[in-house]
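A short worksheet on the structure shown next.
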Amino acid sequence: QLLFALAMTPAIKLTNGAANWILRRLGIEPAQELRSARSPAELVSLVRTSARSGALDPTTAALVHRSLQFGTLTAEELMTPRSKIVALHNDDTVADLVTRAGETGFSRFPIIDGDLDQTVGIVHVKQVFSVPPGERARTRLGAVAQPVAVVPSTLDGDAVMAQIRANGLQTALVVDEYGGTAGIVTVEDLIEELVGDVRDEHDDATPHVVAAGNGWRVSGLLRIDEVAAATGYRAPEGHYETIGGLVLHELGHIPVVGEVVELAAFEPDERPHTGARWQAKVVRMDGRRIDLLELTRLRTDPDRTQ
């Protein structure tokens, strides 16, 4: 049997090679070459194990983990929400663009005809230099606005990246299932999702998460997974994306500054109704949106764990 196997090995390799060549010509990857592949979930688990054992330093592990998770995120999770967008009207002038850019530190602005649901295009502050100084006060932004890519809020991160890379302005408008503008996503948003928070001289110097006493002060716009990574608070699943949305869900109304609510935490190792409890206090509002929260882990009640 051994002699037969040795004698037939060249023929087997030849036929396997020919079969694999044919499969590749048909656009099919040979199964034997995919056998050693790992799913993203397996790779994430491998990265975590390597980080815990010291095989990967924390910075590298975090970068690899973010890269592996990137494709699972959606445009809705990557975007700057509608409430934070600064837009200009199509009858504003290039001079208004210069003023607004100086006030906000932003370089890209949607140009609208009424509201964000009627976005006619995008302008970049560098377009100012294409207009002679003497004409900037007369040149309407509607005349210089460039078309903007539009993506659905459910589009995955890899596809969003492809759309933005193909766009000269490196920006895409995100629309919801009803066709309304949900937000805007830029190349900076994607980079920050991969490497972490990136700030320049125009950004607010206040971090999104700051230790405060026995808890943390967090931006109401932070996603649930970002809050979990920064503070350890893991929210139960629900119809919300941000920590501010969770607090609104629990309260059932628009809160006022100083209002407090107790939050349940998802603890996979705990029995139902015995997990840790957290408290959220509204520190600052921005109109009807929760801008800043204070999260504190409450002491476990011994009677609840029995």
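To be explicit about the labels: the chains of the structure tokens are called A, B, and onward in the order shown, and within each one the residues are counted from 1, while ligands get numbers from 1 in the order they are shown.
Every protein, DNA or RNA residue with an atom at most 12 Å from Phe129 in chain A, where only C-alpha atoms count and chain neighbours fewer than 4 positions away do not, is listed here: Val94, Ala95, Leu97, Val98, His124, Val125, Pro133, Gly134, Glu135, Arg136 and Val144 of chain A.
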Atoms to include: N, CA, C and O atoms. Write the selected residues as a compact mmCIF listing (two decimals), in the first residue's frame.
# COMPACT_ATOMS: atom_id res chain seq x y z
N VAL A 94 -19.63 82.11 -1.26
CA VAL A 94 -18.31 81.57 -0.93
C VAL A 94 -17.72 82.31 0.28
O VAL A 94 -17.02 81.72 1.10
N ALA A 95 -18.03 83.59 0.40
CA ALA A 95 -17.57 84.35 1.57
C ALA A 95 -18.19 83.78 2.85
O ALA A 95 -17.53 83.72 3.90
N LEU A 97 -18.94 80.67 3.26
CA LEU A 97 -18.22 79.43 3.49
C LEU A 97 -16.93 79.69 4.28
O LEU A 97 -16.61 78.95 5.22
N VAL A 98 -16.20 80.73 3.90
CA VAL A 98 -14.96 81.08 4.60
C VAL A 98 -15.24 81.39 6.06
O VAL A 98 -14.55 80.92 6.97
N HIS A 124 -16.08 71.92 -0.33
CA HIS A 124 -14.89 71.83 0.50
C HIS A 124 -14.26 73.21 0.57
O HIS A 124 -14.28 73.97 -0.42
N VAL A 125 -13.68 73.55 1.71
CA VAL A 125 -13.14 74.89 1.89
C VAL A 125 -12.03 75.19 0.87
O VAL A 125 -11.80 76.36 0.52
N PRO A 133 -10.90 86.48 -5.24
CA PRO A 133 -11.34 87.17 -4.02
C PRO A 133 -12.46 88.18 -4.25
O PRO A 133 -13.39 88.30 -3.44
N GLY A 134 -12.41 88.87 -5.36
CA GLY A 134 -13.42 89.89 -5.63
C GLY A 134 -14.80 89.32 -5.94
O GLY A 134 -15.80 90.05 -5.88
N GLU A 135 -14.87 88.04 -6.27
CA GLU A 135 -16.15 87.42 -6.63
C GLU A 135 -16.74 86.54 -5.53
O GLU A 135 -17.83 85.99 -5.69
N ARG A 136 -16.01 86.36 -4.43
CA ARG A 136 -16.46 85.43 -3.39
C ARG A 136 -17.74 85.87 -2.70
O ARG A 136 -18.54 85.04 -2.30
N VAL A 144 -21.17 76.07 -6.99
CA VAL A 144 -19.87 75.39 -6.88
C VAL A 144 -19.98 74.05 -6.15
O VAL A 144 -18.99 73.31 -6.06
Per-residue DSSP, range 88-279 of chain A, filtered to strand (DSSP E), as a ChimeraX atom specification: /A:88-89,108-112,119-124,149-152,171-175,181-186,209-212,215-219,260-264,277-279
Store the residues of this selection in a file with N, CA and C atoms, as a short mmCIF file (atom, residue, chain, number, x, y, z; two decimals), in the first residue's frame.
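And here's part-v9.cif as it stands now:
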data_model
loop_
_atom_site.label_atom_id
_atom_site.label_comp_id
_atom_site.auth_asym_id
_atom_site.auth_seq_id
_atom_site.Cartn_x
_atom_site.Cartn_y
_atom_site.Cartn_z
N LEU A 88 -24.76 74.57 4.95
CA LEU A 88 -24.94 75.90 4.38
C LEU A 88 -26.02 75.83 3.30
N HIS A 89 -26.68 76.96 3.06
CA HIS A 89 -27.75 77.00 2.07
C HIS A 89 -27.19 77.29 0.68
N ARG A 108 -15.64 70.51 5.23
CA ARG A 108 -16.68 70.10 4.28
C ARG A 108 -18.05 70.48 4.82
N PHE A 109 -18.91 70.95 3.92
CA PHE A 109 -20.25 71.37 4.32
C PHE A 109 -21.28 70.89 3.29
N PRO A 110 -22.35 70.25 3.74
CA PRO A 110 -23.46 69.96 2.82
C PRO A 110 -24.12 71.27 2.41
N ILE A 111 -24.53 71.34 1.17
CA ILE A 111 -25.27 72.50 0.67
C ILE A 111 -26.72 72.07 0.50
N ILE A 112 -27.63 72.76 1.16
CA ILE A 112 -29.02 72.34 1.20
C ILE A 112 -29.94 73.36 0.55
N THR A 119 -30.45 67.93 0.22
CA THR A 119 -29.03 68.26 0.04
C THR A 119 -28.69 68.22 -1.45
N VAL A 120 -28.14 69.32 -1.94
CA VAL A 120 -27.84 69.42 -3.37
C VAL A 120 -26.39 69.07 -3.68
N GLY A 121 -25.55 69.03 -2.67
CA GLY A 121 -24.15 68.69 -2.91
C GLY A 121 -23.29 69.01 -1.69
N ILE A 122 -21.99 68.96 -1.90
CA ILE A 122 -21.00 69.21 -0.85
C ILE A 122 -20.00 70.24 -1.36
N VAL A 123 -19.55 71.13 -0.47
CA VAL A 123 -18.44 72.01 -0.82
C VAL A 123 -17.31 71.78 0.17
N HIS A 124 -16.08 71.92 -0.33
CA HIS A 124 -14.89 71.83 0.50
C HIS A 124 -14.26 73.21 0.57
N ALA A 149 -21.89 61.34 -2.83
CA ALA A 149 -22.35 59.95 -2.84
C ALA A 149 -23.40 59.77 -1.75
N VAL A 150 -24.38 58.94 -2.04
CA VAL A 150 -25.46 58.65 -1.09
C VAL A 150 -25.45 57.15 -0.82
N VAL A 151 -25.42 56.79 0.47
CA VAL A 151 -25.39 55.37 0.85
C VAL A 151 -26.51 55.09 1.85
N PRO A 152 -27.06 53.88 1.84
CA PRO A 152 -28.08 53.53 2.84
C PRO A 152 -27.45 53.34 4.21
N THR A 171 -16.48 61.84 1.10
CA THR A 171 -17.66 62.06 1.95
C THR A 171 -18.85 61.34 1.33
N ALA A 172 -19.74 60.85 2.18
CA ALA A 172 -20.98 60.24 1.70
C ALA A 172 -22.12 60.66 2.61
N LEU A 173 -23.27 60.87 2.01
CA LEU A 173 -24.49 61.18 2.75
C LEU A 173 -25.18 59.86 3.09
N VAL A 174 -25.60 59.72 4.32
CA VAL A 174 -26.25 58.49 4.77
C VAL A 174 -27.75 58.74 4.87
N VAL A 175 -28.54 57.89 4.21
CA VAL A 175 -30.00 58.06 4.24
C VAL A 175 -30.64 56.86 4.92
N THR A 181 -32.28 62.16 5.32
CA THR A 181 -30.86 62.21 5.67
C THR A 181 -30.67 61.86 7.13
N ALA A 182 -29.90 60.79 7.37
CA ALA A 182 -29.64 60.35 8.75
C ALA A 182 -28.33 60.92 9.28
N GLY A 183 -27.39 61.18 8.39
CA GLY A 183 -26.10 61.70 8.82
C GLY A 183 -25.14 61.80 7.66
N ILE A 184 -23.90 61.97 7.99
CA ILE A 184 -22.86 62.10 6.98
C ILE A 184 -21.63 61.33 7.46
N VAL A 185 -20.95 60.67 6.56
CA VAL A 185 -19.75 59.91 6.93
C VAL A 185 -18.59 60.37 6.07
N THR A 186 -17.45 60.63 6.71
CA THR A 186 -16.26 61.11 6.01
C THR A 186 -15.13 60.12 6.21
N VAL A 209 -14.81 60.26 26.81
CA VAL A 209 -14.97 59.56 28.08
C VAL A 209 -13.93 60.10 29.05
N VAL A 210 -14.39 60.55 30.23
CA VAL A 210 -13.49 61.11 31.25
C VAL A 210 -13.86 60.50 32.60
N ALA A 211 -12.87 60.01 33.32
CA ALA A 211 -13.12 59.50 34.67
C ALA A 211 -13.60 60.65 35.55
N ALA A 212 -14.65 60.39 36.33
CA ALA A 212 -15.23 61.41 37.20
C ALA A 212 -15.67 60.76 38.50
N GLY A 215 -17.11 57.15 38.73
CA GLY A 215 -17.68 56.76 37.45
C GLY A 215 -17.01 57.46 36.29
N TRP A 216 -17.79 57.69 35.25
CA TRP A 216 -17.27 58.31 34.03
C TRP A 216 -18.27 59.32 33.50
N ARG A 217 -17.75 60.36 32.89
CA ARG A 217 -18.58 61.28 32.11
C ARG A 217 -18.40 60.92 30.64
N VAL A 218 -19.51 60.64 29.98
CA VAL A 218 -19.44 60.15 28.60
C VAL A 218 -20.36 60.98 27.71
N SER A 219 -19.95 61.12 26.45
CA SER A 219 -20.79 61.78 25.46
C SER A 219 -22.05 60.96 25.20
N VAL A 260 -31.93 61.49 36.83
CA VAL A 260 -31.18 60.25 37.05
C VAL A 260 -32.04 59.05 36.71
N VAL A 261 -31.42 58.01 36.14
CA VAL A 261 -32.13 56.78 35.83
C VAL A 261 -31.20 55.61 36.12
N GLU A 262 -31.76 54.50 36.59
CA GLU A 262 -30.98 53.30 36.85
C GLU A 262 -31.01 52.41 35.61
N LEU A 263 -29.85 51.88 35.27
CA LEU A 263 -29.71 51.07 34.05
C LEU A 263 -29.33 49.63 34.39
N ALA A 264 -29.95 48.70 33.73
CA ALA A 264 -29.55 47.29 33.86
C ALA A 264 -28.31 47.06 33.01
N ARG A 277 -25.91 46.82 38.48
CA ARG A 277 -26.77 47.94 38.09
C ARG A 277 -25.91 49.19 37.98
N TRP A 278 -26.28 50.04 37.04
CA TRP A 278 -25.57 51.29 36.83
C TRP A 278 -26.55 52.44 36.92
N GLN A 279 -26.01 53.61 37.19
CA GLN A 279 -26.83 54.82 37.25
C GLN A 279 -26.31 55.83 36.24
#
CA of Thr139 in chain A to CA of Ser107 in chain A measures 18.2 Å
Leaving out Arg223 in chain A and any residue of its chain fewer than 3 positions from it, which residues lie within 9 Å of it when counting only C-alpha atoms, given as a PDB file with N, CA, C and O atoms, in the first residue's frame?
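selection32.pdb written:
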ATOM      1  N   GLU A  77     -23.700  53.379  12.081  1.00  0.00           N
ATOM      2  CA  GLU A  77     -22.819  53.354  13.241  1.00  0.00           C
ATOM      3  C   GLU A  77     -21.551  54.171  13.015  1.00  0.00           C
ATOM      4  O   GLU A  77     -20.923  54.625  13.969  1.00  0.00           O
ATOM      5  N   GLY A 220     -23.174  61.621  25.092  1.00  0.00           N
ATOM      6  CA  GLY A 220     -24.420  60.922  24.805  1.00  0.00           C
ATOM      7  C   GLY A 220     -24.448  60.303  23.431  1.00  0.00           C
ATOM      8  O   GLY A 220     -25.279  59.436  23.158  1.00  0.00           O
ATOM      9  N   GLU A 226     -18.818  51.308  22.224  1.00  0.00           N
ATOM     10  CA  GLU A 226     -17.740  52.204  22.627  1.00  0.00           C
ATOM     11  C   GLU A 226     -17.784  52.464  24.130  1.00  0.00           C
ATOM     12  O   GLU A 226     -16.742  52.543  24.792  1.00  0.00           O
ATOM     13  N   VAL A 227     -18.987  52.608  24.676  1.00  0.00           N
ATOM     14  CA  VAL A 227     -19.140  52.795  26.122  1.00  0.00           C
ATOM     15  C   VAL A 227     -18.635  51.557  26.863  1.00  0.00           C
ATOM     16  O   VAL A 227     -17.939  51.660  27.883  1.00  0.00           O
ATOM     17  N   ALA A 228     -18.974  50.387  26.351  1.00  0.00           N
ATOM     18  CA  ALA A 228     -18.540  49.135  26.989  1.00  0.00           C
ATOM     19  C   ALA A 228     -17.017  49.039  27.014  1.00  0.00           C
ATOM     20  O   ALA A 228     -16.417  48.649  28.023  1.00  0.00           O
ATOM     21  N   TYR A 240     -31.768  50.883  20.273  1.00  0.00           N
ATOM     22  CA  TYR A 240     -30.995  52.109  20.450  1.00  0.00           C
ATOM     23  C   TYR A 240     -29.570  51.815  20.003  1.00  0.00           C
ATOM     24  O   TYR A 240     -29.120  50.668  20.015  1.00  0.00           O
ATOM     25  N   GLU A 241     -28.866  52.854  19.602  1.00  0.00           N
ATOM     26  CA  GLU A 241     -27.484  52.707  19.139  1.00  0.00           C
ATOM     27  C   GLU A 241     -26.497  53.363  20.089  1.00  0.00           C
ATOM     28  O   GLU A 241     -25.354  52.929  20.199  1.00  0.00           O
ATOM     29  N   THR A 242     -26.924  54.430  20.789  1.00  0.00           N
ATOM     30  CA  THR A 242     -26.023  55.216  21.627  1.00  0.00           C
ATOM     31  C   THR A 242     -26.439  55.138  23.082  1.00  0.00           C
ATOM     32  O   THR A 242     -27.561  54.753  23.417  1.00  0.00           O
ATOM     33  N   ILE A 243     -25.527  55.570  23.949  1.00  0.00           N
ATOM     34  CA  ILE A 243     -25.843  55.584  25.380  1.00  0.00           C
ATOM     35  C   ILE A 243     -26.930  56.614  25.667  1.00  0.00           C
ATOM     36  O   ILE A 243     -27.783  56.406  26.532  1.00  0.00           O
ATOM     37  N   GLY A 244     -26.946  57.714  24.917  1.00  0.00           N
ATOM     38  CA  GLY A 244     -28.025  58.694  25.062  1.00  0.00           C
ATOM     39  C   GLY A 244     -29.363  58.105  24.669  1.00  0.00           C
ATOM     40  O   GLY A 244     -30.383  58.347  25.315  1.00  0.00           O
TER      41      GLY A 244
END
Report, in Å with one decimal, the straight-line distance from CA of Thr74 in chain A to CA of Gly179 in chain A. 16.5 Å
So which residues of range 126-306 of chain A fall under alpha helix (DSSP H) by DSSP, listed as a ChimeraX atom specification? /A:141-144,157-165,187-195,224-231,243-251
Output N, CA and C atoms for every residue in that selection, as a short mmCIF file (atom, residue, chain, number, x, y, z; two decimals), in the first residue's frame.
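selection_9.cif was written with the following content:
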data_model
loop_
_atom_site.label_atom_id
_atom_site.label_comp_id
_atom_site.auth_asym_id
_atom_site.auth_seq_id
_atom_site.Cartn_x
_atom_site.Cartn_y
_atom_site.Cartn_z
N LEU A 141 -23.03 79.29 -3.35
CA LEU A 141 -22.50 77.94 -3.12
C LEU A 141 -23.20 76.89 -3.96
N GLY A 142 -24.45 77.15 -4.32
CA GLY A 142 -25.16 76.22 -5.17
C GLY A 142 -24.49 76.04 -6.52
N ALA A 143 -23.72 77.06 -6.95
CA ALA A 143 -23.05 77.00 -8.25
C ALA A 143 -21.74 76.22 -8.18
N VAL A 144 -21.17 76.07 -6.99
CA VAL A 144 -19.87 75.39 -6.88
C VAL A 144 -19.98 74.05 -6.15
N GLY A 157 -19.39 48.50 6.67
CA GLY A 157 -18.24 49.37 6.70
C GLY A 157 -17.32 49.24 5.51
N ASP A 158 -17.07 48.02 5.05
CA ASP A 158 -16.17 47.83 3.90
C ASP A 158 -16.73 48.50 2.65
N ALA A 159 -18.05 48.37 2.44
CA ALA A 159 -18.67 48.98 1.26
C ALA A 159 -18.68 50.50 1.39
N VAL A 160 -18.88 51.01 2.60
CA VAL A 160 -18.82 52.46 2.82
C VAL A 160 -17.43 52.98 2.48
N MET A 161 -16.41 52.25 2.94
CA MET A 161 -15.02 52.64 2.64
C MET A 161 -14.79 52.70 1.13
N ALA A 162 -15.30 51.72 0.40
CA ALA A 162 -15.12 51.70 -1.05
C ALA A 162 -15.80 52.90 -1.70
N GLN A 163 -17.00 53.24 -1.25
CA GLN A 163 -17.73 54.38 -1.81
C GLN A 163 -16.97 55.68 -1.56
N ILE A 164 -16.44 55.84 -0.35
CA ILE A 164 -15.76 57.09 0.00
C ILE A 164 -14.42 57.21 -0.72
N ARG A 165 -13.73 56.09 -0.88
CA ARG A 165 -12.45 56.14 -1.59
C ARG A 165 -12.64 56.49 -3.06
N VAL A 187 -14.06 60.32 5.48
CA VAL A 187 -12.90 59.44 5.62
C VAL A 187 -12.32 59.54 7.03
N GLU A 188 -12.45 60.71 7.67
CA GLU A 188 -11.97 60.85 9.04
C GLU A 188 -12.75 59.96 10.00
N ASP A 189 -14.07 59.84 9.77
CA ASP A 189 -14.88 58.95 10.61
C ASP A 189 -14.37 57.52 10.51
N LEU A 190 -14.03 57.09 9.30
CA LEU A 190 -13.58 55.72 9.09
C LEU A 190 -12.21 55.49 9.71
N ILE A 191 -11.32 56.47 9.59
CA ILE A 191 -9.99 56.34 10.17
C ILE A 191 -10.08 56.25 11.69
N GLU A 192 -10.95 57.09 12.29
CA GLU A 192 -11.09 57.06 13.74
C GLU A 192 -11.65 55.73 14.21
N GLU A 193 -12.49 55.10 13.40
CA GLU A 193 -13.03 53.80 13.79
C GLU A 193 -11.93 52.75 13.80
N LEU A 194 -10.91 52.94 12.97
CA LEU A 194 -9.82 51.97 12.89
C LEU A 194 -8.72 52.23 13.92
N VAL A 195 -8.34 53.48 14.09
CA VAL A 195 -7.17 53.78 14.93
C VAL A 195 -7.52 54.47 16.23
N ILE A 224 -23.04 52.12 22.03
CA ILE A 224 -23.07 51.22 23.16
C ILE A 224 -21.76 50.42 23.27
N ASP A 225 -21.24 49.95 22.13
CA ASP A 225 -19.99 49.17 22.18
C ASP A 225 -18.81 50.02 22.59
N GLU A 226 -18.82 51.31 22.22
CA GLU A 226 -17.74 52.20 22.63
C GLU A 226 -17.78 52.46 24.13
N VAL A 227 -18.99 52.61 24.68
CA VAL A 227 -19.14 52.79 26.12
C VAL A 227 -18.63 51.56 26.86
N ALA A 228 -18.97 50.39 26.35
CA ALA A 228 -18.54 49.14 26.99
C ALA A 228 -17.02 49.04 27.01
N ALA A 229 -16.36 49.40 25.91
CA ALA A 229 -14.91 49.32 25.83
C ALA A 229 -14.24 50.30 26.78
N ALA A 230 -14.86 51.47 26.98
CA ALA A 230 -14.23 52.52 27.78
C ALA A 230 -14.54 52.42 29.27
N THR A 231 -15.73 51.95 29.61
CA THR A 231 -16.16 51.98 31.01
C THR A 231 -16.45 50.61 31.61
N ILE A 243 -25.53 55.57 23.95
CA ILE A 243 -25.84 55.58 25.38
C ILE A 243 -26.93 56.61 25.67
N GLY A 244 -26.95 57.71 24.92
CA GLY A 244 -28.03 58.69 25.06
C GLY A 244 -29.36 58.11 24.67
N GLY A 245 -29.36 57.28 23.60
CA GLY A 245 -30.59 56.62 23.17
C GLY A 245 -31.09 55.64 24.22
N LEU A 246 -30.17 54.93 24.89
CA LEU A 246 -30.57 54.01 25.95
C LEU A 246 -31.24 54.75 27.10
N VAL A 247 -30.66 55.88 27.50
CA VAL A 247 -31.24 56.65 28.61
C VAL A 247 -32.62 57.18 28.22
N LEU A 248 -32.77 57.67 27.00
CA LEU A 248 -34.09 58.11 26.54
C LEU A 248 -35.09 56.95 26.56
N HIS A 249 -34.63 55.78 26.14
CA HIS A 249 -35.50 54.59 26.14
C HIS A 249 -35.96 54.25 27.55
N GLU A 250 -35.06 54.33 28.51
CA GLU A 250 -35.40 53.98 29.89
C GLU A 250 -36.29 55.04 30.53
N LEU A 251 -36.05 56.31 30.23
CA LEU A 251 -36.85 57.39 30.83
C LEU A 251 -38.23 57.49 30.20
#
